[in-house]
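Data from protein01.pdb: PDB, C-alpha atoms
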```pdb
ATOM      1  CA  PRO W  13     -25.442 104.659  61.097
ATOM      2  CA  VAL W  14     -25.927 104.501  57.371
ATOM      3  CA  ARG W  15     -23.682 106.112  54.795
ATOM      4  CA  MET W  16     -25.468 107.168  51.641
ATOM      5  CA  THR W  17     -23.808 106.394  48.313
ATOM      6  CA  THR W  18     -22.362 109.544  46.842
ATOM      7  CA  THR W  19     -20.335 110.496  43.830
ATOM      8  CA  VAL W  20     -18.235 113.617  43.622
ATOM      9  CA  PRO W  21     -16.664 115.134  40.497
ATOM     10  CA  THR W  22     -13.171 114.138  41.542
ATOM     11  CA  GLN W  23     -14.169 110.461  41.441
ATOM     12  CA  ALA W  24     -15.218 110.719  37.803
ATOM     13  CA  LEU W  25     -12.100 112.702  36.921
ATOM     14  CA  GLY W  26      -9.968 110.105  38.688
ATOM     15  CA  MET W  27     -11.523 107.350  36.600
ATOM     16  CA  LEU W  28     -10.932 109.279  33.391
ATOM     17  CA  ASN W  29      -7.411 110.476  34.136
ATOM     18  CA  SER W  30      -5.736 107.947  36.407
ATOM     19  CA  ASP W  31      -2.739 106.110  35.020
ATOM     20  CA  PHE W  32      -4.283 102.834  36.148
ATOM     21  CA  THR W  33      -7.570 103.328  34.283
ATOM     22  CA  VAL W  34      -5.864 104.625  31.146
ATOM     23  CA  ASP W  35      -3.551 101.587  31.187
ATOM     24  CA  GLN W  36      -6.510  99.242  31.683
ATOM     25  CA  ALA W  37      -8.251 100.865  28.710
ATOM     26  CA  LEU W  38      -5.151 100.241  26.581
ATOM     27  CA  GLN W  39      -4.984  96.602  27.640
ATOM     28  CA  PHE W  40      -8.714  96.226  27.033
ATOM     29  CA  SER W  41      -8.403  97.684  23.514
ATOM     30  CA  GLN W  42      -5.557  95.269  22.759
ATOM     31  CA  ARG W  43      -7.668  92.361  24.004
ATOM     32  CA  LEU W  44     -10.525  93.405  21.719
ATOM     33  CA  GLU W  45      -8.181  93.418  18.738
ATOM     34  CA  ARG W  46      -6.860  89.940  19.596
ATOM     35  CA  GLU W  47     -10.263  88.398  20.240
ATOM     36  CA  ALA W  48     -12.573  90.234  17.815
ATOM     37  CA  GLY W  49     -10.274  91.141  14.941
ATOM     38  CA  THR W  50     -10.267  94.345  12.948
ATOM     39  CA  ILE W  51     -13.974  94.846  12.226
ATOM     40  CA  PRO W  52     -15.146  97.713  14.473
ATOM     41  CA  ARG W  53     -18.692  96.376  14.863
ATOM     42  CA  ASN W  54     -17.363  93.037  16.157
ATOM     43  CA  ARG W  55     -14.975  94.746  18.556
ATOM     44  CA  MET W  56     -17.734  96.953  19.927
ATOM     45  CA  ALA W  57     -20.119  94.054  20.401
ATOM     46  CA  LEU W  58     -17.458  92.186  22.365
ATOM     47  CA  ALA W  59     -16.503  95.281  24.360
ATOM     48  CA  ILE W  60     -20.084  95.947  25.415
ATOM     49  CA  ARG W  61     -20.594  92.292  26.331
ATOM     50  CA  LEU W  62     -17.446  92.210  28.460
ATOM     51  CA  VAL W  63     -18.085  95.548  30.176
ATOM     52  CA  ASN W  64     -21.812  95.208  30.770
ATOM     53  CA  GLY W  65     -22.226  91.459  30.992
ATOM     54  CA  ARG W  66     -24.901  91.466  28.284
ATOM     55  CA  GLY W  67     -25.189  91.591  24.554
ATOM     56  CA  ALA W  68     -25.036  94.903  22.730
ATOM     57  CA  THR W  69     -28.085  96.345  21.046
ATOM     58  CA  GLU W  70     -27.919  97.527  17.456
ATOM     59  CA  THR W  71     -28.650 101.066  18.676
ATOM     60  CA  GLU W  72     -25.640 100.957  21.026
ATOM     61  CA  ILE W  73     -23.337  99.692  18.321
ATOM     62  CA  GLU W  74     -24.483 102.363  15.873
ATOM     63  CA  ALA W  75     -23.989 105.129  18.462
ATOM     64  CA  ASP W  76     -20.573 103.745  19.413
ATOM     65  CA  LEU W  77     -19.524 103.571  15.758
ATOM     66  CA  LYS W  78     -20.426 107.247  15.349
ATOM     67  CA  PHE W  79     -18.480 108.114  18.511
ATOM     68  CA  PHE W  80     -15.452 106.120  17.331
ATOM     69  CA  GLU W  81     -15.552 107.738  13.892
ATOM     70  CA  SER W  82     -15.771 111.189  15.479
ATOM     71  CA  LEU W  83     -12.665 110.449  17.543
ATOM     72  CA  GLN W  84     -10.758 109.869  14.331
ATOM     73  CA  ARG W  85     -12.398 112.548  12.187
ATOM     74  CA  ASP W  86     -12.916 115.398  14.673
ATOM     75  CA  GLU W  87     -10.164 114.720  17.205
ATOM     76  CA  GLY W  88      -7.591 113.465  14.708
ATOM     77  CA  LEU W  89      -6.803 110.304  16.653
ATOM     78  CA  GLU W  90      -5.101 107.336  15.058
ATOM     79  CA  ALA W  91      -7.125 104.106  15.209
ATOM     80  CA  ASP W  92      -5.166 102.582  18.117
ATOM     81  CA  LYS W  93      -5.562 105.696  20.254
ATOM     82  CA  ALA W  94      -9.242 105.991  19.320
ATOM     83  CA  TRP W  95      -9.791 102.404  20.492
ATOM     84  CA  GLN W  96      -8.101 103.205  23.787
ATOM     85  CA  VAL W  97     -10.314 106.270  24.284
ATOM     86  CA  TYR W  98     -13.399 104.227  23.354
ATOM     87  CA  CYS W  99     -12.448 101.599  25.946
ATOM     88  CA  LEU W 100     -11.806 104.291  28.542
ATOM     89  CA  MET W 101     -15.277 105.649  27.853
ATOM     90  CA  LEU W 102     -16.798 102.193  28.363
ATOM     91  CA  LEU W 103     -14.944 101.736  31.646
ATOM     92  CA  ASN W 104     -16.535 104.981  32.838
ATOM     93  CA  THR W 105     -20.142 104.207  31.983
ATOM     94  CA  ASN W 106     -22.647 104.039  34.818
ATOM     95  CA  GLU W 107     -23.574 100.496  33.838
ATOM     96  CA  PHE W 108     -19.982  99.396  34.462
ATOM     97  CA  VAL W 109     -19.222 101.490  37.538
ATOM     98  CA  TYR W 110     -22.442 100.894  39.506
ATOM     99  CA  LEU W 111     -24.207  97.682  40.386
ATOM    100  CA  ASP W 112     -27.979  97.833  40.539
TER     101      ASP W 112
END
```
Can you turn what I pasted into structure tokens?
Amino acid sequence: PVRMTTTVPTQALGMLNSDFTVDQALQFSQRLEREAGTIPRNRMALAIRLVNGRGATETEIEADLKFFESLQRDEGLEADKAWQVYCLMLLNTNEFVYLD
């Protein structure tokens, strides 16, 4: 018998809301600050490299910068919390979750 790969909504919600994943996102954001400093572009390039195992494209960095800025501007998040949310988003991307 063969079991087909499936994804159900509760899996995605578990990844976004579990204490473990949220804590890992916090630790990841702290690592980025230690290793890449305070320049957002450098942090994002490192984050994408660590999560995806490849270098970031300029298009990805620009889109991520806009997302990060919107977290602060539209959602009213402080920088530390915005970095945690950004890292949580990266840990939930298809490229991270699934192996091709």
For this session: Counting only C-alpha atoms, figure out which residue out of W:Glu90, W:Tyr110, W:Ile73, W:Arg55 gets nearest to Arg43 of chain W.
Result: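 Answer, going by the shortest atom-to-atom distance: W:Arg55.
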Exercise. If you measure from atom CA of Glu70 of chain W to atom CA of Asp35 of chain W, what distance in Å do you get, rounded to one decimal?
Worked result: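 Going from atom CA of Glu70 of chain W over to atom CA of Asp35 of chain W covers 28.3 Å.
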Problem set entry | Expected selection from the PyMOL selection byres ((chain W and resi 38) around 10), given as a ChimeraX atom specification | /W:32-37,39-44,92-93,95-100
Selection export as a PDB file, keeping the file's coordinate frame, atoms kept: C-alpha atoms:
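Resulting contents of result.pdb:
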```pdb
ATOM      1  CA  PHE W  32      -4.283 102.834  36.148  1.00  0.00           C
ATOM      2  CA  THR W  33      -7.570 103.328  34.283  1.00  0.00           C
ATOM      3  CA  VAL W  34      -5.864 104.625  31.146  1.00  0.00           C
ATOM      4  CA  ASP W  35      -3.551 101.587  31.187  1.00  0.00           C
ATOM      5  CA  GLN W  36      -6.510  99.242  31.683  1.00  0.00           C
ATOM      6  CA  ALA W  37      -8.251 100.865  28.710  1.00  0.00           C
ATOM      7  CA  GLN W  39      -4.984  96.602  27.640  1.00  0.00           C
ATOM      8  CA  PHE W  40      -8.714  96.226  27.033  1.00  0.00           C
ATOM      9  CA  SER W  41      -8.403  97.684  23.514  1.00  0.00           C
ATOM     10  CA  GLN W  42      -5.557  95.269  22.759  1.00  0.00           C
ATOM     11  CA  ARG W  43      -7.668  92.361  24.004  1.00  0.00           C
ATOM     12  CA  LEU W  44     -10.525  93.405  21.719  1.00  0.00           C
ATOM     13  CA  ASP W  92      -5.166 102.582  18.117  1.00  0.00           C
ATOM     14  CA  LYS W  93      -5.562 105.696  20.254  1.00  0.00           C
ATOM     15  CA  TRP W  95      -9.791 102.404  20.492  1.00  0.00           C
ATOM     16  CA  GLN W  96      -8.101 103.205  23.787  1.00  0.00           C
ATOM     17  CA  VAL W  97     -10.314 106.270  24.284  1.00  0.00           C
ATOM     18  CA  TYR W  98     -13.399 104.227  23.354  1.00  0.00           C
ATOM     19  CA  CYS W  99     -12.448 101.599  25.946  1.00  0.00           C
ATOM     20  CA  LEU W 100     -11.806 104.291  28.542  1.00  0.00           C
TER      21      LEU W 100
END
```
Exercise. Do you have the atom CA of Gln84 of chain W-atom CA of Arg61 of chain W distance handy?
Worked result: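 If I compute the distance from atom CA of Gln84 of chain W to atom CA of Arg61 of chain W, I get 23.4 Å.
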Exercise. Using only C-alpha atoms, which of the listed residues (W:Leu25, W:Leu62, W:Ile51, W:Leu103) sits closest to Ala91 of chain W?
Worked result: W:Ile51
For this session: Please provide as a list of chain:residue names all residues within 12 Å of Ala75 of chain W, with the sequence filter that same-chain residues fewer than 4 positions apart are discarded (counting only C-alpha atoms).
Result: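 Listed by chain and then number, they are W:Arg53, W:Met56, W:Ala57, W:Ala68, W:Thr69, W:Glu70, W:Thr71, W:Phe79, W:Phe80, W:Glu81, W:Ser82, W:Tyr98.
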Problem set entry | Among the residues W:Ser30, W:Asn54, W:Gln23, W:Asn64, the one that comes closest to Phe108 of chain W [using all atoms listed in the file] |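 Using all atoms listed in the file, the shortest distance to Phe108 of chain W belongs to W:Asn64.
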Exercise. Quick one, how far is atom CA of Glu107 of chain W from atom CA of Arg85 of chain W?
Worked result: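 So the two atoms, atom CA of Glu107 of chain W and atom CA of Arg85 of chain W, lie 27.2 Å apart.
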For this session: Tell me which of W:Val20, W:Leu28, W:Ala94, W:Ala59 sits closest to Lys78 of chain W, counting only C-alpha atoms.
Result: W:Ala94
Box dimensions and centre (Å, one decimal) enclosing segment 30-35 of chain W, axis-aligned, 8 Å extra per side, as AutoDock Vina command-line options:
```
--center_x -5.2 --center_y 104.8 --center_z 33.8 --size_x 20.8 --size_y 22.4 --size_z 21.3
```
For this session: Using all atoms listed in the file, pick whichever of W:Glu47, W:Glu87, W:Ile60, W:Asn106 has the shortest atom-to-atom distance to Ala24 of chain W.
Result: W:Asn106
